$ cat protein.pdb   # PDB, N, CA and C atoms
ATOM      1  N   MET F   1       8.250 193.838 199.765
ATOM      2  CA  MET F   1       7.209 194.828 199.991
ATOM      3  C   MET F   1       6.979 195.629 198.706
ATOM      4  N   SER F   2       5.733 195.855 198.421
ATOM      5  CA  SER F   2       5.360 196.524 197.181
ATOM      6  C   SER F   2       5.083 198.011 197.419
ATOM      7  N   PHE F   3       5.427 198.810 196.427
ATOM      8  CA  PHE F   3       5.171 200.255 196.505
ATOM      9  C   PHE F   3       3.683 200.531 196.361
ATOM     10  N   LYS F   4       3.184 201.498 197.122
ATOM     11  CA  LYS F   4       1.801 201.948 196.996
ATOM     12  C   LYS F   4       1.777 203.461 197.125
ATOM     13  N   TYR F   5       0.998 204.086 196.245
ATOM     14  CA  TYR F   5       0.782 205.517 196.370
ATOM     15  C   TYR F   5      -0.196 205.783 197.495
ATOM     16  N   ASP F   6       0.026 206.886 198.187
ATOM     17  CA  ASP F   6      -0.980 207.379 199.110
ATOM     18  C   ASP F   6      -1.269 208.831 198.732
ATOM     19  N   LYS F   7      -2.225 209.408 199.409
ATOM     20  CA  LYS F   7      -2.656 210.761 199.089
ATOM     21  C   LYS F   7      -1.492 211.756 199.169
ATOM     22  N   ASN F   8      -0.650 211.608 200.171
ATOM     23  CA  ASN F   8       0.465 212.540 200.351
ATOM     24  C   ASN F   8       1.472 212.462 199.207
ATOM     25  N   ASN F   9       1.782 211.231 198.758
ATOM     26  CA  ASN F   9       2.697 211.071 197.618
ATOM     27  C   ASN F   9       2.169 211.817 196.399
ATOM     28  N   LEU F  10       0.892 211.573 196.108
ATOM     29  CA  LEU F  10       0.299 212.194 194.919
ATOM     30  C   LEU F  10       0.247 213.708 195.034
ATOM     31  N   PHE F  11      -0.123 214.211 196.214
ATOM     32  CA  PHE F  11      -0.179 215.664 196.396
ATOM     33  C   PHE F  11       1.193 216.293 196.177
ATOM     34  N   LYS F  12       2.231 215.635 196.660
ATOM     35  CA  LYS F  12       3.592 216.164 196.485
ATOM     36  C   LYS F  12       3.977 216.176 195.005
ATOM     37  N   GLU F  13       3.694 215.081 194.308
ATOM     38  CA  GLU F  13       4.006 215.031 192.873
ATOM     39  C   GLU F  13       3.197 216.063 192.095
ATOM     40  N   PHE F  14       1.923 216.196 192.456
ATOM     41  CA  PHE F  14       1.066 217.163 191.776
ATOM     42  C   PHE F  14       1.570 218.584 192.017
ATOM     43  N   GLU F  15       2.011 218.873 193.226
ATOM     44  CA  GLU F  15       2.528 220.202 193.568
ATOM     45  C   GLU F  15       3.767 220.532 192.724
ATOM     46  N   VAL F  16       4.611 219.560 192.480
ATOM     47  CA  VAL F  16       5.790 219.766 191.624
ATOM     48  C   VAL F  16       5.333 220.131 190.211
ATOM     49  N   ALA F  17       4.369 219.386 189.681
ATOM     50  CA  ALA F  17       3.853 219.670 188.332
ATOM     51  C   ALA F  17       3.207 221.057 188.282
ATOM     52  N   LYS F  18       2.446 221.390 189.303
ATOM     53  CA  LYS F  18       1.785 222.700 189.363
ATOM     54  C   LYS F  18       2.813 223.832 189.407
ATOM     55  N   ASN F  19       3.851 223.671 190.210
ATOM     56  CA  ASN F  19       4.886 224.702 190.302
ATOM     57  C   ASN F  19       5.635 224.884 188.984
ATOM     58  N   LYS F  20       5.826 223.803 188.251
ATOM     59  CA  LYS F  20       6.446 223.908 186.928
ATOM     60  C   LYS F  20       5.544 224.700 185.984
ATOM     61  N   ASP F  21       4.224 224.473 186.070
ATOM     62  CA  ASP F  21       3.279 225.230 185.245
ATOM     63  C   ASP F  21       3.286 226.708 185.619
ATOM     64  N   ILE F  22       3.331 226.995 186.898
ATOM     65  CA  ILE F  22       3.374 228.386 187.366
ATOM     66  C   ILE F  22       4.618 229.073 186.811
ATOM     67  N   ALA F  23       5.732 228.373 186.822
ATOM     68  CA  ALA F  23       6.988 228.941 186.316
ATOM     69  C   ALA F  23       6.907 229.243 184.816
ATOM     70  N   LEU F  24       6.070 228.512 184.087
ATOM     71  CA  LEU F  24       5.921 228.739 182.645
ATOM     72  C   LEU F  24       5.023 229.935 182.313
ATOM     73  N   SER F  25       4.211 230.351 183.270
ATOM     74  CA  SER F  25       3.247 231.418 183.024
ATOM     75  C   SER F  25       3.923 232.777 182.957
ATOM     76  N   LYS F  26       3.370 233.627 182.118
ATOM     77  CA  LYS F  26       3.879 234.995 181.982
ATOM     78  C   LYS F  26       2.952 236.003 182.686
ATOM     79  N   LEU F  27       1.924 235.509 183.356
ATOM     80  CA  LEU F  27       0.964 236.388 184.015
ATOM     81  C   LEU F  27       1.535 236.944 185.312
ATOM     82  N   ASP F  28       0.783 237.821 185.971
ATOM     83  CA  ASP F  28       1.313 238.560 187.118
ATOM     84  C   ASP F  28       1.069 237.921 188.481
ATOM     85  N   THR F  29      -0.179 237.691 188.829
ATOM     86  CA  THR F  29      -0.479 237.214 190.178
ATOM     87  C   THR F  29      -0.381 235.690 190.245
ATOM     88  N   LEU F  30      -0.212 235.195 191.466
ATOM     89  CA  LEU F  30      -0.127 233.748 191.657
ATOM     90  C   LEU F  30      -1.420 233.068 191.216
ATOM     91  N   GLU F  31      -2.560 233.654 191.544
ATOM     92  CA  GLU F  31      -3.839 233.065 191.134
ATOM     93  C   GLU F  31      -3.933 232.962 189.617
ATOM     94  N   GLU F  32      -3.516 234.010 188.923
ATOM     95  CA  GLU F  32      -3.530 233.973 187.451
ATOM     96  C   GLU F  32      -2.573 232.910 186.924
ATOM     97  N   LYS F  33      -1.393 232.845 187.516
ATOM     98  CA  LYS F  33      -0.393 231.880 187.070
ATOM     99  C   LYS F  33      -0.851 230.434 187.300
ATOM    100  N   GLU F  34      -1.538 230.190 188.429
ATOM    101  CA  GLU F  34      -2.021 228.838 188.722
ATOM    102  C   GLU F  34      -3.069 228.380 187.722
ATOM    103  N   ASN F  35      -3.730 229.317 187.085
ATOM    104  CA  ASN F  35      -4.829 228.996 186.174
ATOM    105  C   ASN F  35      -4.523 229.387 184.735
ATOM    106  N   ASP F  36      -3.253 229.377 184.383
ATOM    107  CA  ASP F  36      -2.839 229.782 183.044
ATOM    108  C   ASP F  36      -2.300 228.601 182.221
ATOM    109  N   VAL F  37      -1.267 227.960 182.713
ATOM    110  CA  VAL F  37      -0.592 226.869 181.995
ATOM    111  C   VAL F  37      -0.859 225.560 182.738
ATOM    112  N   TYR F  38      -1.188 224.506 181.984
ATOM    113  CA  TYR F  38      -1.521 223.208 182.591
ATOM    114  C   TYR F  38      -0.687 222.067 182.011
ATOM    115  N   LYS F  39       0.329 222.381 181.255
ATOM    116  CA  LYS F  39       1.121 221.392 180.529
ATOM    117  C   LYS F  39       1.638 220.273 181.437
ATOM    118  N   ASN F  40       2.265 220.620 182.540
ATOM    119  CA  ASN F  40       2.848 219.616 183.429
ATOM    120  C   ASN F  40       1.796 218.853 184.217
ATOM    121  N   ARG F  41       0.702 219.510 184.577
ATOM    122  CA  ARG F  41      -0.380 218.816 185.281
ATOM    123  C   ARG F  41      -1.066 217.825 184.349
ATOM    124  N   ILE F  42      -1.208 218.176 183.093
ATOM    125  CA  ILE F  42      -1.781 217.244 182.111
ATOM    126  C   ILE F  42      -0.856 216.041 181.945
ATOM    127  N   GLN F  43       0.435 216.291 181.862
ATOM    128  CA  GLN F  43       1.402 215.197 181.751
ATOM    129  C   GLN F  43       1.365 214.309 182.999
ATOM    130  N   PHE F  44       1.235 214.917 184.166
ATOM    131  CA  PHE F  44       1.107 214.176 185.422
ATOM    132  C   PHE F  44      -0.068 213.205 185.352
ATOM    133  N   MET F  45      -1.225 213.693 184.874
ATOM    134  CA  MET F  45      -2.414 212.838 184.766
ATOM    135  C   MET F  45      -2.178 211.698 183.767
ATOM    136  N   ARG F  46      -1.612 212.030 182.630
ATOM    137  CA  ARG F  46      -1.358 211.007 181.607
ATOM    138  C   ARG F  46      -0.415 209.916 182.112
ATOM    139  N   GLU F  47       0.618 210.328 182.838
ATOM    140  CA  GLU F  47       1.573 209.353 183.367
ATOM    141  C   GLU F  47       0.912 208.437 184.389
ATOM    142  N   HIS F  48       0.054 209.003 185.227
ATOM    143  CA  HIS F  48      -0.610 208.176 186.233
ATOM    144  C   HIS F  48      -1.685 207.273 185.621
ATOM    145  N   ILE F  49      -2.317 207.722 184.562
ATOM    146  CA  ILE F  49      -3.266 206.861 183.853
ATOM    147  C   ILE F  49      -2.539 205.628 183.323
ATOM    148  N   ALA F  50      -1.400 205.855 182.692
ATOM    149  CA  ALA F  50      -0.613 204.744 182.128
ATOM    150  C   ALA F  50      -0.080 203.831 183.236
ATOM    151  N   LEU F  51       0.448 204.433 184.298
ATOM    152  CA  LEU F  51       1.010 203.640 185.389
ATOM    153  C   LEU F  51      -0.073 202.826 186.103
ATOM    154  N   LYS F  52      -1.249 203.418 186.262
ATOM    155  CA  LYS F  52      -2.348 202.710 186.926
ATOM    156  C   LYS F  52      -2.810 201.509 186.094
ATOM    157  N   LYS F  53      -2.745 201.642 184.762
ATOM    158  CA  LYS F  53      -3.096 200.503 183.899
ATOM    159  C   LYS F  53      -2.063 199.392 184.024
ATOM    160  N   GLU F  54      -0.795 199.781 184.100
ATOM    161  CA  GLU F  54       0.295 198.807 184.213
ATOM    162  C   GLU F  54       0.391 198.178 185.593
ATOM    163  N   HIS F  55       0.187 199.002 186.625
ATOM    164  CA  HIS F  55       0.356 198.562 188.012
ATOM    165  C   HIS F  55      -0.793 199.062 188.887
ATOM    166  N   PRO F  56      -1.974 198.499 188.724
ATOM    167  CA  PRO F  56      -3.111 198.962 189.529
ATOM    168  C   PRO F  56      -2.884 198.799 191.035
ATOM    169  N   GLU F  57      -2.019 197.869 191.403
ATOM    170  CA  GLU F  57      -1.746 197.657 192.827
ATOM    171  C   GLU F  57      -1.099 198.878 193.490
ATOM    172  N   TYR F  58      -0.426 199.709 192.716
ATOM    173  CA  TYR F  58       0.175 200.933 193.263
ATOM    174  C   TYR F  58      -0.886 201.887 193.804
ATOM    175  N   TYR F  59      -2.091 201.775 193.281
ATOM    176  CA  TYR F  59      -3.163 202.721 193.601
ATOM    177  C   TYR F  59      -4.274 202.085 194.435
ATOM    178  N   SER F  60      -4.021 200.920 194.991
ATOM    179  CA  SER F  60      -5.070 200.191 195.701
ATOM    180  C   SER F  60      -5.577 200.925 196.944
ATOM    181  N   GLU F  61      -4.796 201.837 197.476
ATOM    182  CA  GLU F  61      -5.197 202.600 198.666
ATOM    183  C   GLU F  61      -5.962 203.873 198.308
ATOM    184  N   LEU F  62      -6.111 204.148 197.016
ATOM    185  CA  LEU F  62      -6.697 205.417 196.558
ATOM    186  C   LEU F  62      -7.903 205.189 195.664
ATOM    187  N   ASP F  63      -8.767 206.174 195.635
ATOM    188  CA  ASP F  63      -9.913 206.157 194.735
ATOM    189  C   ASP F  63      -9.861 207.451 193.926
ATOM    190  N   ILE F  64      -9.050 207.455 192.889
ATOM    191  CA  ILE F  64      -8.864 208.648 192.063
ATOM    192  C   ILE F  64      -9.114 208.275 190.611
ATOM    193  N   ASN F  65      -9.949 209.071 189.962
ATOM    194  CA  ASN F  65     -10.237 208.845 188.547
ATOM    195  C   ASN F  65      -9.388 209.821 187.727
ATOM    196  N   PHE F  66      -8.207 209.373 187.344
ATOM    197  CA  PHE F  66      -7.293 210.221 186.596
ATOM    198  C   PHE F  66      -7.856 210.601 185.229
ATOM    199  N   ASP F  67      -8.668 209.735 184.639
ATOM    200  CA  ASP F  67      -9.268 210.036 183.337
ATOM    201  C   ASP F  67     -10.187 211.252 183.430
ATOM    202  N   ASN F  68     -11.017 211.300 184.471
ATOM    203  CA  ASN F  68     -11.894 212.454 184.652
ATOM    204  C   ASN F  68     -11.097 213.726 184.925
ATOM    205  N   LEU F  69     -10.064 213.601 185.736
ATOM    206  CA  LEU F  69      -9.221 214.763 186.006
ATOM    207  C   LEU F  69      -8.546 215.261 184.730
ATOM    208  N   LEU F  70      -8.020 214.332 183.945
ATOM    209  CA  LEU F  70      -7.389 214.714 182.685
ATOM    210  C   LEU F  70      -8.392 215.417 181.774
ATOM    211  N   ASN F  71      -9.580 214.854 181.651
ATOM    212  CA  ASN F  71     -10.596 215.479 180.800
ATOM    213  C   ASN F  71     -10.916 216.898 181.259
ATOM    214  N   SER F  72     -10.938 217.125 182.554
ATOM    215  CA  SER F  72     -11.176 218.479 183.066
ATOM    216  C   SER F  72     -10.015 219.407 182.724
ATOM    217  N   TYR F  73      -8.798 218.917 182.885
ATOM    218  CA  TYR F  73      -7.628 219.748 182.576
ATOM    219  C   TYR F  73      -7.499 220.049 181.083
ATOM    220  N   LEU F  74      -8.097 219.232 180.256
ATOM    221  CA  LEU F  74      -8.027 219.460 178.813
ATOM    222  C   LEU F  74      -9.082 220.448 178.317
ATOM    223  N   THR F  75      -9.968 220.911 179.192
ATOM    224  CA  THR F  75     -10.977 221.897 178.782
ATOM    225  C   THR F  75     -10.343 223.275 178.692
ATOM    226  N   THR F  76     -11.090 224.201 178.120
ATOM    227  CA  THR F  76     -10.607 225.574 177.963
ATOM    228  C   THR F  76     -10.328 226.232 179.310
ATOM    229  N   ASN F  77     -11.176 225.965 180.300
ATOM    230  CA  ASN F  77     -11.022 226.574 181.618
ATOM    231  C   ASN F  77     -11.197 225.499 182.692
ATOM    232  N   PRO F  78     -10.126 224.793 183.049
ATOM    233  CA  PRO F  78     -10.233 223.696 184.005
ATOM    234  C   PRO F  78     -10.850 224.089 185.348
ATOM    235  N   ARG F  79     -10.517 225.264 185.860
ATOM    236  CA  ARG F  79     -11.070 225.666 187.157
ATOM    237  C   ARG F  79     -12.588 225.738 187.097
ATOM    238  N   GLU F  80     -13.126 226.344 186.040
ATOM    239  CA  GLU F  80     -14.579 226.421 185.884
ATOM    240  C   GLU F  80     -15.184 225.024 185.753
ATOM    241  N   THR F  81     -14.519 224.165 185.014
ATOM    242  CA  THR F  81     -14.999 222.799 184.839
ATOM    243  C   THR F  81     -15.076 222.074 186.184
ATOM    244  N   PHE F  82     -14.022 222.189 187.005
ATOM    245  CA  PHE F  82     -14.023 221.560 188.322
ATOM    246  C   PHE F  82     -15.176 222.081 189.184
ATOM    247  N   TYR F  83     -15.335 223.390 189.217
ATOM    248  CA  TYR F  83     -16.397 223.966 190.049
ATOM    249  C   TYR F  83     -17.780 223.544 189.566
ATOM    250  N   GLN F  84     -17.971 223.483 188.258
ATOM    251  CA  GLN F  84     -19.262 223.036 187.723
ATOM    252  C   GLN F  84     -19.528 221.572 188.087
ATOM    253  N   LYS F  85     -18.508 220.731 187.983
ATOM    254  CA  LYS F  85     -18.679 219.305 188.295
ATOM    255  C   LYS F  85     -18.897 219.059 189.783
ATOM    256  N   VAL F  86     -18.135 219.742 190.616
ATOM    257  CA  VAL F  86     -18.182 219.486 192.052
ATOM    258  C   VAL F  86     -19.340 220.218 192.739
ATOM    259  N   PHE F  87     -19.510 221.499 192.422
ATOM    260  CA  PHE F  87     -20.492 222.324 193.123
ATOM    261  C   PHE F  87     -21.742 222.623 192.304
ATOM    262  N   GLY F  88     -21.668 222.371 190.989
ATOM    263  CA  GLY F  88     -22.792 222.720 190.129
ATOM    264  C   GLY F  88     -22.931 224.214 189.942
ATOM    265  N   LYS F  89     -21.849 224.948 190.230
ATOM    266  CA  LYS F  89     -21.835 226.407 190.116
ATOM    267  C   LYS F  89     -20.492 226.832 189.532
ATOM    268  N   SER F  90     -20.450 228.062 189.031
ATOM    269  CA  SER F  90     -19.191 228.597 188.523
ATOM    270  C   SER F  90     -18.281 228.972 189.695
ATOM    271  N   PHE F  91     -17.028 229.200 189.416
ATOM    272  CA  PHE F  91     -16.076 229.649 190.426
ATOM    273  C   PHE F  91     -16.565 230.941 191.061
ATOM    274  N   ALA F  92     -17.024 231.881 190.236
ATOM    275  CA  ALA F  92     -17.510 233.176 190.739
ATOM    276  C   ALA F  92     -18.712 232.999 191.666
ATOM    277  N   GLU F  93     -19.619 232.087 191.333
ATOM    278  CA  GLU F  93     -20.802 231.855 192.174
ATOM    279  C   GLU F  93     -20.418 231.261 193.530
ATOM    280  N   VAL F  94     -19.453 230.371 193.537
ATOM    281  CA  VAL F  94     -19.012 229.762 194.793
ATOM    282  C   VAL F  94     -18.253 230.777 195.633
ATOM    283  N   ARG F  95     -17.468 231.601 194.990
ATOM    284  CA  ARG F  95     -16.628 232.570 195.679
ATOM    285  C   ARG F  95     -17.412 233.784 196.190
ATOM    286  N   ALA F  96     -18.502 234.148 195.541
ATOM    287  CA  ALA F  96     -19.255 235.369 195.845
ATOM    288  C   ALA F  96     -19.614 235.530 197.323
ATOM    289  N   PRO F  97     -20.123 234.514 198.002
ATOM    290  CA  PRO F  97     -20.481 234.719 199.413
ATOM    291  C   PRO F  97     -19.304 235.078 200.315
ATOM    292  N   SER F  98     -18.086 234.744 199.913
ATOM    293  CA  SER F  98     -16.925 235.033 200.757
ATOM    294  C   SER F  98     -16.316 236.407 200.478
ATOM    295  N   ILE F  99     -16.831 237.104 199.469
ATOM    296  CA  ILE F  99     -16.307 238.426 199.135
ATOM    297  C   ILE F  99     -17.146 239.474 199.861
ATOM    298  N   PRO F 100     -16.515 240.310 200.676
ATOM    299  CA  PRO F 100     -17.280 241.340 201.397
ATOM    300  C   PRO F 100     -18.006 242.276 200.435
ATOM    301  N   GLN F 101     -19.245 242.596 200.774
ATOM    302  CA  GLN F 101     -20.057 243.486 199.948
ATOM    303  C   GLN F 101     -19.910 244.942 200.370
ATOM    304  N   SER F 102     -19.513 245.153 201.631
ATOM    305  CA  SER F 102     -19.305 246.512 202.135
ATOM    306  C   SER F 102     -18.198 246.499 203.167
ATOM    307  N   VAL F 103     -17.834 247.654 203.662
ATOM    308  CA  VAL F 103     -16.769 247.735 204.663
ATOM    309  C   VAL F 103     -17.202 247.129 205.984
ATOM    310  N   ASN F 104     -18.495 246.945 206.203
ATOM    311  CA  ASN F 104     -19.012 246.361 207.435
ATOM    312  C   ASN F 104     -18.986 244.844 207.428
ATOM    313  N   ASP F 105     -18.705 244.234 206.289
ATOM    314  CA  ASP F 105     -18.718 242.767 206.186
ATOM    315  C   ASP F 105     -17.424 242.155 206.682
TER
END
$ encode --input "protein.pdb" --output "structure tokens"
Amino acid sequence: MSFKYDKNNLFKEFEVAKNKDIALSKLDTLEEKENDVYKNRIQFMREHIALKKEHPEYYSELDINFDNLLNSYLTTNPRETFYQKVFGKSFAEVRAPSIPQSVND
């Protein structure tokens, strides 16, 4: 039987990389820390790019473009890049409707 990645495997591995990045951050809030250091997440993408080239069968159950993800993580502000690519809007523009404008909201 051959090994295959599924969504859950990747999410777990990605969460480990993300937590390592959070631990490297010197910022205060969790949101700031999640969007500060990307070293381990970038390494995660690079490793999966290489592994997918060597063993594409491991990823046959998934449709993930690690190259695009890596390119986003290599930008100055990955979160903004993701929001622009996915929603065509900035993070602030997507988030604005969910922020109460008054105490009645």
$ atom_distance --input "protein.pdb" --atom1 "CA of Phe3 (chain F)" --atom2 "CA of Ala17 (chain F)"
21.1 Å
$ closest_residue --input "protein.pdb" --among "F:Tyr38, F:Tyr5, F:Phe87, F:Phe82" --to "Asn19 (chain F)" --atoms "only C-alpha atoms"
F:Tyr38
$ atom_distance --input "protein.pdb" --atom1 "atom N of Leu70 (chain F)" --atom2 "atom N of Pro97 (chain F)"
27.4 Å
$ atom_distance --input "protein.pdb" --atom1 "atom C of Ser2 (chain F)" --atom2 "atom N of His55 (chain F)"
11.9 Å
$ select_by_dssp --input "protein.pdb" --residues "region 22-102 of chain F" --states "alpha helix (DSSP H)" --output "PyMOL selection string"
chain F and resi 22-24+30-34+39-54+66-73+78-87+91-95
$ resolve_selection --input "protein.pdb" --expression "the PyMOL selection byres (((chain F and resi 80 and name CA) around 12) and name CA)" --output "PyMOL selection string"
chain F and resi 35+72-79+81-95
$ resolve_selection --input "protein.pdb" --expression "the PyMOL selection byres ((chain F and resi 57-66) around 8)" --output "PDB file with N, CA and C atoms, keeping the file's coordinate frame"
ATOM      1  N   SER F   2       5.733 195.855 198.421  1.00  0.00           N
ATOM      2  CA  SER F   2       5.360 196.524 197.181  1.00  0.00           C
ATOM      3  C   SER F   2       5.083 198.011 197.419  1.00  0.00           C
ATOM      4  N   PHE F   3       5.427 198.810 196.427  1.00  0.00           N
ATOM      5  CA  PHE F   3       5.171 200.255 196.505  1.00  0.00           C
ATOM      6  C   PHE F   3       3.683 200.531 196.361  1.00  0.00           C
ATOM      7  N   LYS F   4       3.184 201.498 197.122  1.00  0.00           N
ATOM      8  CA  LYS F   4       1.801 201.948 196.996  1.00  0.00           C
ATOM      9  C   LYS F   4       1.777 203.461 197.125  1.00  0.00           C
ATOM     10  N   TYR F   5       0.998 204.086 196.245  1.00  0.00           N
ATOM     11  CA  TYR F   5       0.782 205.517 196.370  1.00  0.00           C
ATOM     12  C   TYR F   5      -0.196 205.783 197.495  1.00  0.00           C
ATOM     13  N   ASP F   6       0.026 206.886 198.187  1.00  0.00           N
ATOM     14  CA  ASP F   6      -0.980 207.379 199.110  1.00  0.00           C
ATOM     15  C   ASP F   6      -1.269 208.831 198.732  1.00  0.00           C
ATOM     16  N   LYS F   7      -2.225 209.408 199.409  1.00  0.00           N
ATOM     17  CA  LYS F   7      -2.656 210.761 199.089  1.00  0.00           C
ATOM     18  C   LYS F   7      -1.492 211.756 199.169  1.00  0.00           C
ATOM     19  N   PHE F  44       1.235 214.917 184.166  1.00  0.00           N
ATOM     20  CA  PHE F  44       1.107 214.176 185.422  1.00  0.00           C
ATOM     21  C   PHE F  44      -0.068 213.205 185.352  1.00  0.00           C
ATOM     22  N   MET F  45      -1.225 213.693 184.874  1.00  0.00           N
ATOM     23  CA  MET F  45      -2.414 212.838 184.766  1.00  0.00           C
ATOM     24  C   MET F  45      -2.178 211.698 183.767  1.00  0.00           C
ATOM     25  N   ARG F  46      -1.612 212.030 182.630  1.00  0.00           N
ATOM     26  CA  ARG F  46      -1.358 211.007 181.607  1.00  0.00           C
ATOM     27  C   ARG F  46      -0.415 209.916 182.112  1.00  0.00           C
ATOM     28  N   HIS F  48       0.054 209.003 185.227  1.00  0.00           N
ATOM     29  CA  HIS F  48      -0.610 208.176 186.233  1.00  0.00           C
ATOM     30  C   HIS F  48      -1.685 207.273 185.621  1.00  0.00           C
ATOM     31  N   ILE F  49      -2.317 207.722 184.562  1.00  0.00           N
ATOM     32  CA  ILE F  49      -3.266 206.861 183.853  1.00  0.00           C
ATOM     33  C   ILE F  49      -2.539 205.628 183.323  1.00  0.00           C
ATOM     34  N   LEU F  51       0.448 204.433 184.298  1.00  0.00           N
ATOM     35  CA  LEU F  51       1.010 203.640 185.389  1.00  0.00           C
ATOM     36  C   LEU F  51      -0.073 202.826 186.103  1.00  0.00           C
ATOM     37  N   LYS F  52      -1.249 203.418 186.262  1.00  0.00           N
ATOM     38  CA  LYS F  52      -2.348 202.710 186.926  1.00  0.00           C
ATOM     39  C   LYS F  52      -2.810 201.509 186.094  1.00  0.00           C
ATOM     40  N   LYS F  53      -2.745 201.642 184.762  1.00  0.00           N
ATOM     41  CA  LYS F  53      -3.096 200.503 183.899  1.00  0.00           C
ATOM     42  C   LYS F  53      -2.063 199.392 184.024  1.00  0.00           C
ATOM     43  N   GLU F  54      -0.795 199.781 184.100  1.00  0.00           N
ATOM     44  CA  GLU F  54       0.295 198.807 184.213  1.00  0.00           C
ATOM     45  C   GLU F  54       0.391 198.178 185.593  1.00  0.00           C
ATOM     46  N   HIS F  55       0.187 199.002 186.625  1.00  0.00           N
ATOM     47  CA  HIS F  55       0.356 198.562 188.012  1.00  0.00           C
ATOM     48  C   HIS F  55      -0.793 199.062 188.887  1.00  0.00           C
ATOM     49  N   PRO F  56      -1.974 198.499 188.724  1.00  0.00           N
ATOM     50  CA  PRO F  56      -3.111 198.962 189.529  1.00  0.00           C
ATOM     51  C   PRO F  56      -2.884 198.799 191.035  1.00  0.00           C
ATOM     52  N   ASP F  67      -8.668 209.735 184.639  1.00  0.00           N
ATOM     53  CA  ASP F  67      -9.268 210.036 183.337  1.00  0.00           C
ATOM     54  C   ASP F  67     -10.187 211.252 183.430  1.00  0.00           C
ATOM     55  N   ASN F  68     -11.017 211.300 184.471  1.00  0.00           N
ATOM     56  CA  ASN F  68     -11.894 212.454 184.652  1.00  0.00           C
ATOM     57  C   ASN F  68     -11.097 213.726 184.925  1.00  0.00           C
ATOM     58  N   LEU F  69     -10.064 213.601 185.736  1.00  0.00           N
ATOM     59  CA  LEU F  69      -9.221 214.763 186.006  1.00  0.00           C
ATOM     60  C   LEU F  69      -8.546 215.261 184.730  1.00  0.00           C
ATOM     61  N   LEU F  70      -8.020 214.332 183.945  1.00  0.00           N
ATOM     62  CA  LEU F  70      -7.389 214.714 182.685  1.00  0.00           C
ATOM     63  C   LEU F  70      -8.392 215.417 181.774  1.00  0.00           C
ATOM     64  N   ASN F  71      -9.580 214.854 181.651  1.00  0.00           N
ATOM     65  CA  ASN F  71     -10.596 215.479 180.800  1.00  0.00           C
ATOM     66  C   ASN F  71     -10.916 216.898 181.259  1.00  0.00           C
ATOM     67  N   SER F  72     -10.938 217.125 182.554  1.00  0.00           N
ATOM     68  CA  SER F  72     -11.176 218.479 183.066  1.00  0.00           C
ATOM     69  C   SER F  72     -10.015 219.407 182.724  1.00  0.00           C
TER      70      SER F  72
END
